[in-house]
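S.K.: Input file: entry38.txt. Contents: compact mmCIF, C-alpha atoms.
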```txt
# COMPACT_ATOMS: atom_id res chain seq x y z
CA MET A 1 33.61 21.79 -14.21
CA LYS A 2 31.32 20.75 -11.40
CA PRO A 3 29.84 17.25 -11.27
CA ALA A 4 26.35 16.62 -12.58
CA TRP A 5 23.55 17.61 -10.19
CA ALA A 6 25.84 19.79 -8.10
CA TRP A 7 23.87 22.80 -9.33
CA GLN A 8 20.88 21.68 -7.27
CA PHE A 9 22.81 22.45 -4.10
CA GLU A 10 24.00 25.92 -5.09
CA PRO A 11 22.94 28.89 -2.91
CA GLY A 12 19.81 30.38 -4.41
CA THR A 13 18.88 27.08 -6.03
CA LEU A 14 18.70 24.74 -3.05
CA GLN A 15 15.13 24.60 -1.80
CA ARG A 16 14.27 25.18 1.84
CA ILE A 17 12.35 22.32 3.39
CA ASP A 18 9.86 22.00 6.21
CA THR A 19 10.72 18.78 8.01
CA GLN A 20 7.18 18.67 9.51
CA LEU A 21 8.26 16.17 12.13
CA PRO A 22 8.22 17.28 15.79
CA ALA A 23 10.90 16.38 18.31
CA ALA A 24 8.52 13.87 19.90
CA ILE A 25 6.25 11.96 17.51
CA THR A 26 3.10 10.68 19.19
CA ARG A 27 0.03 8.88 17.90
CA GLU A 28 -2.03 11.96 18.66
CA TRP A 29 0.30 14.07 16.54
CA ALA A 30 0.43 11.42 13.82
CA TRP A 31 -3.26 10.76 13.24
CA GLY A 32 -5.36 12.30 15.98
CA GLY A 33 -8.56 13.75 14.50
CA SER A 34 -7.81 12.48 11.00
CA THR A 35 -10.14 10.31 8.92
CA GLY A 36 -7.95 10.00 5.83
CA ALA A 37 -10.09 12.48 3.92
CA GLY A 38 -8.62 13.50 0.58
CA ILE A 39 -6.25 10.54 0.37
CA LYS A 40 -6.46 8.17 -2.59
CA VAL A 41 -5.74 4.52 -1.82
CA ALA A 42 -5.42 1.89 -4.54
CA VAL A 43 -6.15 -1.71 -3.58
CA VAL A 44 -4.21 -3.71 -6.18
CA ASP A 45 -5.91 -7.07 -5.79
CA SER A 46 -8.91 -9.16 -6.89
CA GLY A 47 -11.34 -6.22 -6.99
CA ILE A 48 -13.52 -4.57 -4.32
CA ASP A 49 -17.18 -5.18 -3.51
CA GLY A 50 -18.23 -1.59 -2.80
CA SER A 51 -21.64 -2.74 -1.58
CA HIS A 52 -20.16 -4.59 1.38
CA PRO A 53 -21.18 -2.77 4.59
CA ARG A 54 -17.58 -2.70 5.77
CA VAL A 55 -16.43 -1.02 2.56
CA GLY A 56 -19.21 1.45 1.77
CA SER A 57 -18.05 2.79 -1.57
CA VAL A 58 -15.40 2.64 -4.27
CA ALA A 59 -14.27 5.88 -5.91
CA GLY A 60 -13.11 4.28 -9.15
CA GLY A 61 -10.61 1.91 -10.60
CA ALA A 62 -9.64 -0.37 -13.44
CA VAL A 63 -9.28 -3.99 -14.49
CA VAL A 64 -5.94 -5.07 -15.94
CA LEU A 65 -5.95 -8.05 -18.28
CA ALA A 66 -3.16 -10.06 -19.84
CA ASP A 67 -2.72 -9.20 -23.50
CA PRO A 68 0.29 -10.52 -25.44
CA ASP A 69 -0.40 -8.01 -28.21
CA ALA A 70 -0.16 -5.00 -25.88
CA THR A 71 3.10 -3.09 -25.53
CA ARG A 72 3.57 -4.21 -21.94
CA GLY A 73 1.75 -7.50 -22.19
CA ALA A 74 -1.35 -6.13 -20.50
CA ARG A 75 -4.28 -3.85 -21.23
CA VAL A 76 -6.33 -1.66 -18.90
CA ILE A 77 -10.10 -1.27 -18.85
CA GLU A 78 -11.22 1.55 -16.59
CA GLY A 79 -14.54 1.53 -14.79
CA PRO A 80 -16.63 -0.36 -12.23
CA HIS A 81 -16.03 -4.08 -11.72
CA GLU A 82 -16.65 -6.83 -9.20
CA ASP A 83 -14.40 -8.68 -6.79
CA LEU A 84 -13.75 -12.11 -8.27
CA PHE A 85 -12.54 -13.75 -5.06
CA GLY A 86 -13.11 -11.70 -1.89
CA HIS A 87 -9.50 -10.95 -1.04
CA GLY A 88 -9.56 -7.37 -2.27
CA THR A 89 -12.78 -6.65 -0.40
CA ALA A 90 -11.17 -7.90 2.82
CA CYS A 91 -8.20 -5.58 2.33
CA ALA A 92 -10.40 -2.61 1.40
CA ALA A 93 -12.54 -3.03 4.53
CA ILE A 94 -9.47 -3.07 6.77
CA ILE A 95 -8.27 0.18 5.19
CA ARG A 96 -11.74 1.72 5.51
CA ALA A 97 -11.82 0.94 9.24
CA ALA A 98 -8.61 2.90 9.83
CA ALA A 99 -9.26 5.71 7.35
CA PRO A 100 -13.05 5.95 6.91
CA ASP A 101 -12.98 8.96 4.59
CA ALA A 102 -10.14 7.85 2.32
CA GLU A 103 -11.00 7.35 -1.35
CA LEU A 104 -10.69 3.66 -2.25
CA TYR A 105 -9.81 2.64 -5.79
CA SER A 106 -9.93 -0.93 -7.03
CA VAL A 107 -7.18 -2.08 -9.37
CA ARG A 108 -8.05 -5.66 -10.26
CA VAL A 109 -5.04 -7.70 -11.32
CA LEU A 110 -6.03 -11.11 -9.87
CA GLY A 111 -8.59 -13.59 -11.18
CA GLU A 112 -11.08 -16.04 -9.75
CA LYS A 113 -8.33 -18.30 -8.37
CA LEU A 114 -6.43 -15.37 -6.84
CA THR A 115 -3.67 -15.72 -9.40
CA GLY A 116 -2.27 -13.35 -11.97
CA ARG A 117 0.68 -12.48 -14.17
CA GLY A 118 3.61 -10.24 -13.36
CA ALA A 119 3.02 -8.02 -16.39
CA VAL A 120 -0.59 -7.47 -15.27
CA PHE A 121 0.49 -6.72 -11.71
CA ALA A 122 3.07 -4.21 -12.98
CA GLU A 123 0.57 -2.46 -15.25
CA GLY A 124 -1.84 -2.16 -12.35
CA MET A 125 0.83 -0.38 -10.34
CA ARG A 126 1.55 1.93 -13.27
CA TRP A 127 -2.15 2.78 -13.58
CA ALA A 128 -2.32 3.60 -9.88
CA LEU A 129 0.68 5.92 -10.07
CA ALA A 130 -0.53 7.60 -13.27
CA ASN A 131 -3.87 8.30 -11.58
CA GLY A 132 -2.40 10.01 -8.56
CA MET A 133 -2.77 7.37 -5.86
CA ASP A 134 -1.21 8.37 -2.55
CA VAL A 135 -1.09 4.81 -1.21
CA LEU A 136 -0.87 1.49 -3.04
CA ASN A 137 -1.89 -1.54 -0.99
CA MET A 138 -0.48 -4.71 -2.47
CA SER A 139 -1.26 -7.87 -0.59
CA LEU A 140 0.32 -9.87 -3.39
CA SER A 141 3.75 -10.33 -4.89
CA THR A 142 5.81 -12.47 -7.23
CA SER A 143 8.70 -14.78 -6.43
CA ARG A 144 9.95 -14.79 -10.02
CA ALA A 145 13.42 -13.27 -10.13
CA ASP A 146 13.01 -12.19 -13.75
CA TYR A 147 10.54 -9.52 -12.56
CA TYR A 148 13.00 -8.10 -10.03
CA GLY A 149 14.18 -5.23 -12.23
CA LEU A 150 10.72 -4.29 -13.51
CA PHE A 151 9.17 -3.96 -10.06
CA HIS A 152 12.26 -2.21 -8.74
CA GLU A 153 11.85 0.42 -11.47
CA ILE A 154 8.16 0.93 -10.68
CA THR A 155 8.60 1.14 -6.90
CA ASP A 156 11.44 3.64 -7.35
CA ALA A 157 9.13 5.75 -9.54
CA ALA A 158 6.52 5.59 -6.77
CA TYR A 159 9.07 6.63 -4.17
CA PHE A 160 10.10 9.70 -6.15
CA LYS A 161 6.42 10.64 -6.58
CA HIS A 162 5.99 10.33 -2.78
CA ALA A 163 3.49 7.50 -3.27
CA MET A 164 3.49 5.01 -0.41
CA VAL A 165 3.75 1.41 -1.63
CA VAL A 166 2.69 -1.07 1.07
CA CYS A 167 3.50 -4.72 0.38
CA ALA A 168 2.69 -7.91 2.24
CA VAL A 169 5.69 -10.21 2.42
CA ASN A 170 5.45 -13.82 1.31
CA ASN A 171 3.58 -16.17 3.65
CA VAL A 172 6.44 -18.63 3.29
CA ARG A 173 10.14 -18.00 3.86
CA ALA A 174 11.10 -17.02 0.33
CA PRO A 175 11.93 -13.76 -1.48
CA SER A 176 9.06 -11.95 -3.15
CA TYR A 177 8.89 -8.76 -5.13
CA PRO A 178 8.30 -5.90 -4.63
CA SER A 179 8.12 -6.59 -0.88
CA GLN A 180 11.92 -7.01 -0.66
CA TYR A 181 12.74 -3.46 -1.74
CA ALA A 182 13.83 -0.75 0.68
CA SER A 183 11.55 1.79 -1.03
CA VAL A 184 8.38 -0.04 0.05
CA PHE A 185 6.64 -0.58 3.39
CA SER A 186 7.02 -4.34 3.87
CA VAL A 187 4.54 -5.90 6.29
CA ALA A 188 4.02 -9.25 8.03
CA ALA A 189 1.35 -10.40 10.48
CA HIS A 190 1.59 -10.25 14.23
CA SER A 191 -0.86 -11.79 16.69
CA GLY A 192 -2.35 -8.53 17.97
CA ARG A 193 -5.91 -7.44 17.24
CA ASP A 194 -5.79 -3.67 17.78
CA PRO A 195 -5.70 -2.09 14.29
CA PHE A 196 -3.89 0.98 15.60
CA HIS A 197 -0.99 -0.96 17.10
CA LEU A 198 2.02 -1.98 15.06
CA ASP A 199 5.55 -3.22 15.56
CA TYR A 200 8.76 -2.11 13.87
CA ASN A 201 11.42 -4.64 12.93
CA PRO A 202 14.95 -3.16 12.92
CA ALA A 203 16.26 -6.20 11.01
CA PRO A 204 14.52 -6.11 7.57
CA PRO A 205 13.62 -7.08 4.88
CA VAL A 206 10.21 -7.06 6.61
CA GLU A 207 9.88 -3.79 8.52
CA PHE A 208 6.41 -3.62 10.06
CA GLY A 209 4.13 -6.03 11.89
CA ALA A 210 0.36 -5.55 12.08
CA PRO A 211 -2.72 -7.69 12.83
CA GLY A 212 -3.12 -10.57 10.43
CA ILE A 213 -3.71 -13.75 12.43
CA ASP A 214 -7.18 -15.27 12.90
CA LEU A 215 -9.02 -12.09 11.93
CA GLU A 216 -12.65 -11.65 10.97
CA VAL A 217 -12.46 -10.03 7.54
CA ALA A 218 -15.02 -8.86 4.99
CA TRP A 219 -15.76 -11.22 2.11
CA LEU A 220 -18.11 -11.60 -0.85
CA GLY A 221 -21.87 -11.38 -0.50
CA GLY A 222 -21.71 -9.02 2.46
CA LYS A 223 -20.28 -11.81 4.60
CA THR A 224 -17.20 -12.19 6.78
CA ILE A 225 -14.77 -15.07 7.25
CA ARG A 226 -11.94 -15.93 9.65
CA ALA A 227 -8.58 -15.63 7.92
CA THR A 228 -4.85 -15.49 8.56
CA GLY A 229 -2.09 -14.09 6.39
CA ASN A 230 0.36 -11.30 5.79
CA SER A 231 -2.17 -10.16 3.17
CA PHE A 232 -4.38 -8.80 5.94
CA ALA A 233 -1.54 -7.16 7.87
CA ALA A 234 -0.57 -4.92 4.95
CA PRO A 235 -3.89 -3.02 4.71
CA HIS A 236 -3.67 -2.18 8.42
CA ILE A 237 -0.47 -0.27 7.62
CA SER A 238 -2.02 1.21 4.46
CA GLY A 239 -4.97 2.45 6.50
CA LEU A 240 -2.72 4.05 9.10
CA ILE A 241 -0.64 5.69 6.40
CA ALA A 242 -3.79 7.11 4.78
CA ARG A 243 -4.94 8.41 8.15
CA ILE A 244 -1.55 10.06 8.79
CA LEU A 245 -1.43 11.56 5.29
CA GLY A 246 -4.89 12.98 5.83
CA LYS A 247 -3.41 15.09 8.62
CA HIS A 248 0.12 15.56 7.22
CA PRO A 249 -0.24 15.37 3.41
CA GLY A 250 3.30 16.47 2.62
CA LEU A 251 5.13 13.57 4.21
CA THR A 252 7.59 11.62 2.08
CA PRO A 253 7.95 7.83 2.26
CA PHE A 254 11.06 7.97 4.42
CA GLN A 255 9.40 10.46 6.76
CA MET A 256 6.38 8.17 6.98
CA LYS A 257 8.61 5.26 7.93
CA THR A 258 10.09 7.43 10.68
CA VAL A 259 6.60 8.23 11.98
CA LEU A 260 5.52 4.58 11.97
CA MET A 261 8.72 3.53 13.73
CA ALA A 262 8.21 6.21 16.40
CA VAL A 263 4.63 5.12 17.20
CA ALA A 264 5.34 1.37 17.12
CA ASP A 265 4.54 -0.60 20.27
CA ASN A 266 8.14 -1.73 20.62
CA ALA A 267 9.61 1.79 20.31
CA SER A 268 11.30 2.99 23.48
```
Can I see the file as structure tokens?
M.R.:
Amino acid sequence: MKPAWAWQFEPGTLQRIDTQLPAAITREWAWGGSTGAGIKVAVVDSGIDGSHPRVGSVAGGAVVLADPDATRGARVIEGPHEDLFGHGTACAAIIRAAAPDAELYSVRVLGEKLTGRGAVFAEGMRWALANGMDVLNMSLSTSRADYYGLFHEITDAAYFKHAMVVCAVNNVRAPSYPSQYASVFSVAAHSGRDPFHLDYNPAPPVEFGAPGIDLEVAWLGGKTIRATGNSFAAPHISGLIARILGKHPGLTPFQMKTVLMAVADNAS
């Protein structure tokens, strides 16, 4: 008797694949001419102000609220909502700048003090995956080890659905989840300003560096502020991923990581 799953590799069953990747991956090949059209990006955060001139519009979304009576400790209310803090609007505007025609969805899991619960965060991720998001931008995380398994399960589900989960790492030197997982695109800030330039770190857990230091970012009331944080580096990578997917929609997460590594400033 053959081992389980061996049948998937039998002649006549094994699927042929198109690797899609050229021998030399360039930025022109990766995203030249693309605007991110047709790509759905979820900003899992404090909400999005779609009226901000740097955002333009929000395609849809949901608010996730803590609810001890719900099966998963959270309930979802779909529909329009506001940004309670400004953080989500900042992230959305960064993504919009890189992928102007991507569809932005707001998944609000944070409150007025930019805090939230792990169960709410997890349910927001589930909603995004259930609603066909291609990219999940998560400039937030939890350091609570008891959520390790839950977020690992959800990010693995995203990986197998070919959804790209982009996570900002903790702003302090401490583990945070789900940014620690190999299945996600973990991002920290570098001092550059060019949104189309990134670095690749061959010594994870953090893999990619993008602009996130002393940036002018969108905020509430149509305003901008100066801000620093890994939170603002992550949406640069999410925007680039959306732009690349707009041109090469069949890429898997590990192929996307290969593309980003190849076009990084420190790639030889």
S.K.: Using all atoms listed in the file, find the one residue out of A:Val184, A:Val109, A:Ile225, A:Ala145 that sits nearest to A:Pro205.
M.R.: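 Distance minimum relative to A:Pro205 lands on A:Val184.
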S.K.: Measure the distance from atom CA of A:Gly79 to atom CA of A:Leu245 in Å and round it to one decimal.
M.R.: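 So the two atoms, atom CA of A:Gly79 and atom CA of A:Leu245, lie 26.0 Å apart.
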S.K.: Counting all atoms listed in the file, what is within 10 Å of A:Arg226, bar same-chain residues fewer than 2 positions away, as a VMD selection string?
M.R.: chain A and resid 213 to 219 224 228
S.K.: Please provide as a list in words all residues within 6 Å of stretch 164-170 of chain A, with the sequence filter that same-chain residues fewer than 2 positions apart are discarded (counting all atoms listed in the file).
M.R.: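 Close residues of stretch 164-170 of chain A: Val135, Leu136, Asn137, Met138, Ser139, Val172, Ser179, Val184, Phe185, Ser186, Val187, Ala188, Asn230, Ser231, Ala234 and Pro253 of chain A.
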S.K.: I need the residue nearest A:Gly239 from this list: A:Ala62, A:Leu114, A:Ala158, A:Ala92. Use only C-alpha atoms for the distance.
M.R.: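 Checking each candidate against A:Gly239, we get A:Ala92 as the closest.
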S.K.: Dump as number ranges by chain all residues having an atom at most 8 Å from (8.9, 12.4, -0.9), computed in the file's coordinates with only C-alpha atoms.
M.R.: A: 159-163, 250-255
S.K.: Convert the current residue selection to file output with C-alpha atoms, as a PDB file, in the coordinates of the input.
M.R.:
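Listing of selection16.pdb after writing:
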```
ATOM      1  CA  TYR A 159       9.070   6.630  -4.170  1.00  0.00           C
ATOM      2  CA  PHE A 160      10.100   9.700  -6.150  1.00  0.00           C
ATOM      3  CA  LYS A 161       6.420  10.640  -6.580  1.00  0.00           C
ATOM      4  CA  HIS A 162       5.990  10.330  -2.780  1.00  0.00           C
ATOM      5  CA  ALA A 163       3.490   7.500  -3.270  1.00  0.00           C
ATOM      6  CA  GLY A 250       3.300  16.470   2.620  1.00  0.00           C
ATOM      7  CA  LEU A 251       5.130  13.570   4.210  1.00  0.00           C
ATOM      8  CA  THR A 252       7.590  11.620   2.080  1.00  0.00           C
ATOM      9  CA  PRO A 253       7.950   7.830   2.260  1.00  0.00           C
ATOM     10  CA  PHE A 254      11.060   7.970   4.420  1.00  0.00           C
ATOM     11  CA  GLN A 255       9.400  10.460   6.760  1.00  0.00           C
TER      12      GLN A 255
END
```
S.K.: Between atom CA of A:Val41 and atom CA of A:Glu103, measure the distance and give it in Å to one decimal.
M.R.: 6.0 Å
S.K.: I need the residue nearest A:Val64 from this list: A:Ala128, A:Ala4, A:Ile25, A:Val263. Use only C-alpha atoms for the distance.
M.R.: A:Ala128
S.K.: Please indicate the distance in Å from atom CA of A:Phe151 to atom CA of A:Leu110, rounded to one decimal place.
M.R.: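 About the pair atom CA of A:Phe151 and atom CA of A:Leu110: they are 16.8 Å apart.
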S.K.: Find the residue from A:Gly192, A:Pro178, A:Gly132, A:Gly60 that sits nearest to A:Tyr147; use all atoms listed in the file when measuring.
M.R.: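 Looking at the shortest contact to A:Tyr147, the residue is A:Pro178.
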S.K.: May I have the residues within 7 Å of A:Ala98 as a PyMOL selection string, using only C-alpha atoms and disregarding those fewer than 2 positions away in the same chain?
M.R.: chain A and resi 94-96+100+239-240+243
S.K.: Pick out the closest residue to A:Val107 from this set: A:Ala227, A:Met125, A:Ala24, A:Met1. Count only C-alpha atoms.
M.R.: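 Comparing A:Ala227, A:Met125, A:Ala24, A:Met1 against A:Val107, the winner is A:Met125.
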S.K.: Can you work out which one of A:Ser34, A:Thr13, A:Asn266, A:Gln8 has the shortest atom-to-atom distance to A:His197, counting only C-alpha atoms?
M.R.: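 Checking each of A:Ser34, A:Thr13, A:Asn266, A:Gln8 against A:His197, counting only C-alpha atoms, the winner is A:Asn266.
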S.K.: As a PyMOL selection string, please: the residues near A:Tyr177 (cut-off 8 Å, all atoms listed in the file, same-chain neighbours under 3 positions excluded).
M.R.: chain A and resi 141-144+147-148+151+180-181
S.K.: Kindly complete stretch 36-72 of chain A to N, CA and C atoms; the output should be written as a PDB file, in the frame of the given file.
M.R.:
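Listing of rebuild_13.pdb after writing:
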```
ATOM      1  N   GLY A  36      -8.477  10.365   7.143  1.00  0.00           N
ATOM      2  CA  GLY A  36      -7.950  10.000   5.830  1.00  0.00           C
ATOM      3  C   GLY A  36      -8.599  10.723   4.682  1.00  0.00           C
ATOM      4  N   ALA A  37      -9.394  11.741   4.977  1.00  0.00           N
ATOM      5  CA  ALA A  37     -10.090  12.480   3.920  1.00  0.00           C
ATOM      6  C   ALA A  37      -9.104  13.067   2.920  1.00  0.00           C
ATOM      7  N   GLY A  38      -9.440  12.938   1.636  1.00  0.00           N
ATOM      8  CA  GLY A  38      -8.620  13.500   0.580  1.00  0.00           C
ATOM      9  C   GLY A  38      -7.487  12.606   0.114  1.00  0.00           C
ATOM     10  N   ILE A  39      -7.342  11.445   0.722  1.00  0.00           N
ATOM     11  CA  ILE A  39      -6.250  10.540   0.370  1.00  0.00           C
ATOM     12  C   ILE A  39      -6.770   9.420  -0.527  1.00  0.00           C
ATOM     13  N   LYS A  40      -6.066   9.175  -1.617  1.00  0.00           N
ATOM     14  CA  LYS A  40      -6.460   8.170  -2.590  1.00  0.00           C
ATOM     15  C   LYS A  40      -5.656   6.890  -2.367  1.00  0.00           C
ATOM     16  N   VAL A  41      -6.380   5.803  -2.115  1.00  0.00           N
ATOM     17  CA  VAL A  41      -5.740   4.520  -1.820  1.00  0.00           C
ATOM     18  C   VAL A  41      -6.145   3.501  -2.882  1.00  0.00           C
ATOM     19  N   ALA A  42      -5.158   2.934  -3.555  1.00  0.00           N
ATOM     20  CA  ALA A  42      -5.420   1.890  -4.540  1.00  0.00           C
ATOM     21  C   ALA A  42      -5.239   0.522  -3.890  1.00  0.00           C
ATOM     22  N   VAL A  43      -6.243  -0.328  -4.034  1.00  0.00           N
ATOM     23  CA  VAL A  43      -6.150  -1.710  -3.580  1.00  0.00           C
ATOM     24  C   VAL A  43      -5.883  -2.552  -4.823  1.00  0.00           C
ATOM     25  N   VAL A  44      -4.630  -2.941  -5.005  1.00  0.00           N
ATOM     26  CA  VAL A  44      -4.210  -3.710  -6.180  1.00  0.00           C
ATOM     27  C   VAL A  44      -4.416  -5.180  -5.828  1.00  0.00           C
ATOM     28  N   ASP A  45      -5.496  -5.772  -6.339  1.00  0.00           N
ATOM     29  CA  ASP A  45      -5.910  -7.070  -5.790  1.00  0.00           C
ATOM     30  C   ASP A  45      -6.911  -7.752  -6.728  1.00  0.00           C
ATOM     31  N   SER A  46      -7.918  -8.391  -6.129  1.00  0.00           N
ATOM     32  CA  SER A  46      -8.910  -9.160  -6.890  1.00  0.00           C
ATOM     33  C   SER A  46     -10.176  -8.357  -7.188  1.00  0.00           C
ATOM     34  N   GLY A  47     -10.165  -7.054  -6.853  1.00  0.00           N
ATOM     35  CA  GLY A  47     -11.340  -6.220  -6.990  1.00  0.00           C
ATOM     36  C   GLY A  47     -11.885  -5.849  -5.612  1.00  0.00           C
ATOM     37  N   ILE A  48     -12.878  -4.984  -5.575  1.00  0.00           N
ATOM     38  CA  ILE A  48     -13.520  -4.570  -4.320  1.00  0.00           C
ATOM     39  C   ILE A  48     -15.026  -4.617  -4.498  1.00  0.00           C
ATOM     40  N   ASP A  49     -15.721  -5.226  -3.550  1.00  0.00           N
ATOM     41  CA  ASP A  49     -17.180  -5.180  -3.510  1.00  0.00           C
ATOM     42  C   ASP A  49     -17.582  -3.932  -2.728  1.00  0.00           C
ATOM     43  N   GLY A  50     -17.892  -2.856  -3.449  1.00  0.00           N
ATOM     44  CA  GLY A  50     -18.230  -1.590  -2.800  1.00  0.00           C
ATOM     45  C   GLY A  50     -19.535  -1.622  -2.044  1.00  0.00           C
ATOM     46  N   SER A  51     -20.366  -2.644  -2.289  1.00  0.00           N
ATOM     47  CA  SER A  51     -21.640  -2.740  -1.580  1.00  0.00           C
ATOM     48  C   SER A  51     -21.501  -3.403  -0.219  1.00  0.00           C
ATOM     49  N   HIS A  52     -20.342  -3.949   0.066  1.00  0.00           N
ATOM     50  CA  HIS A  52     -20.160  -4.590   1.380  1.00  0.00           C
ATOM     51  C   HIS A  52     -20.261  -3.527   2.465  1.00  0.00           C
ATOM     52  N   PRO A  53     -21.004  -3.785   3.542  1.00  0.00           N
ATOM     53  CA  PRO A  53     -21.180  -2.770   4.590  1.00  0.00           C
ATOM     54  C   PRO A  53     -19.886  -2.310   5.245  1.00  0.00           C
ATOM     55  N   ARG A  54     -18.847  -3.114   5.178  1.00  0.00           N
ATOM     56  CA  ARG A  54     -17.580  -2.700   5.770  1.00  0.00           C
ATOM     57  C   ARG A  54     -16.728  -1.872   4.812  1.00  0.00           C
ATOM     58  N   VAL A  55     -17.157  -1.792   3.563  1.00  0.00           N
ATOM     59  CA  VAL A  55     -16.430  -1.020   2.560  1.00  0.00           C
ATOM     60  C   VAL A  55     -17.142   0.295   2.272  1.00  0.00           C
ATOM     61  N   GLY A  56     -18.408   0.229   1.948  1.00  0.00           N
ATOM     62  CA  GLY A  56     -19.210   1.450   1.770  1.00  0.00           C
ATOM     63  C   GLY A  56     -19.225   2.005   0.378  1.00  0.00           C
ATOM     64  N   SER A  57     -18.068   2.218  -0.225  1.00  0.00           N
ATOM     65  CA  SER A  57     -18.050   2.790  -1.570  1.00  0.00           C
ATOM     66  C   SER A  57     -16.667   2.612  -2.184  1.00  0.00           C
ATOM     67  N   VAL A  58     -16.649   2.678  -3.513  1.00  0.00           N
ATOM     68  CA  VAL A  58     -15.400   2.640  -4.270  1.00  0.00           C
ATOM     69  C   VAL A  58     -15.396   3.847  -5.190  1.00  0.00           C
ATOM     70  N   ALA A  59     -14.326   4.630  -5.147  1.00  0.00           N
ATOM     71  CA  ALA A  59     -14.270   5.880  -5.910  1.00  0.00           C
ATOM     72  C   ALA A  59     -14.030   5.657  -7.391  1.00  0.00           C
ATOM     73  N   GLY A  60     -13.418   4.538  -7.749  1.00  0.00           N
ATOM     74  CA  GLY A  60     -13.110   4.280  -9.150  1.00  0.00           C
ATOM     75  C   GLY A  60     -12.135   3.132  -9.251  1.00  0.00           C
ATOM     76  N   GLY A  61     -11.590   2.958 -10.455  1.00  0.00           N
ATOM     77  CA  GLY A  61     -10.610   1.910 -10.600  1.00  0.00           C
ATOM     78  C   GLY A  61     -10.521   1.372 -12.012  1.00  0.00           C
ATOM     79  N   ALA A  62      -9.874   0.221 -12.139  1.00  0.00           N
ATOM     80  CA  ALA A  62      -9.640  -0.370 -13.440  1.00  0.00           C
ATOM     81  C   ALA A  62      -9.360  -1.858 -13.301  1.00  0.00           C
ATOM     82  N   VAL A  63      -9.636  -2.577 -14.381  1.00  0.00           N
ATOM     83  CA  VAL A  63      -9.280  -3.990 -14.490  1.00  0.00           C
ATOM     84  C   VAL A  63      -8.100  -4.084 -15.445  1.00  0.00           C
ATOM     85  N   VAL A  64      -7.100  -4.848 -15.064  1.00  0.00           N
ATOM     86  CA  VAL A  64      -5.940  -5.070 -15.940  1.00  0.00           C
ATOM     87  C   VAL A  64      -5.962  -6.522 -16.394  1.00  0.00           C
ATOM     88  N   LEU A  65      -5.872  -6.718 -17.690  1.00  0.00           N
ATOM     89  CA  LEU A  65      -5.950  -8.050 -18.280  1.00  0.00           C
ATOM     90  C   LEU A  65      -4.680  -8.365 -19.056  1.00  0.00           C
ATOM     91  N   ALA A  66      -4.301  -9.627 -19.048  1.00  0.00           N
ATOM     92  CA  ALA A  66      -3.160 -10.060 -19.840  1.00  0.00           C
ATOM     93  C   ALA A  66      -3.482  -9.910 -21.319  1.00  0.00           C
ATOM     94  N   ASP A  67      -2.525  -9.393 -22.073  1.00  0.00           N
ATOM     95  CA  ASP A  67      -2.720  -9.200 -23.500  1.00  0.00           C
ATOM     96  C   ASP A  67      -1.363  -9.271 -24.191  1.00  0.00           C
ATOM     97  N   PRO A  68      -1.022 -10.384 -24.803  1.00  0.00           N
ATOM     98  CA  PRO A  68       0.290 -10.520 -25.440  1.00  0.00           C
ATOM     99  C   PRO A  68       0.517  -9.548 -26.584  1.00  0.00           C
ATOM    100  N   ASP A  69      -0.548  -8.964 -27.115  1.00  0.00           N
ATOM    101  CA  ASP A  69      -0.400  -8.010 -28.210  1.00  0.00           C
ATOM    102  C   ASP A  69      -0.170  -6.579 -27.732  1.00  0.00           C
ATOM    103  N   ALA A  70      -0.369  -6.342 -26.425  1.00  0.00           N
ATOM    104  CA  ALA A  70      -0.160  -5.000 -25.880  1.00  0.00           C
ATOM    105  C   ALA A  70       1.332  -4.738 -25.680  1.00  0.00           C
ATOM    106  N   THR A  71       1.696  -3.472 -25.656  1.00  0.00           N
ATOM    107  CA  THR A  71       3.100  -3.090 -25.530  1.00  0.00           C
ATOM    108  C   THR A  71       3.750  -3.697 -24.302  1.00  0.00           C
ATOM    109  N   ARG A  72       3.009  -3.713 -23.192  1.00  0.00           N
ATOM    110  CA  ARG A  72       3.570  -4.210 -21.940  1.00  0.00           C
ATOM    111  C   ARG A  72       2.996  -5.574 -21.551  1.00  0.00           C
TER     112      ARG A  72
END
```
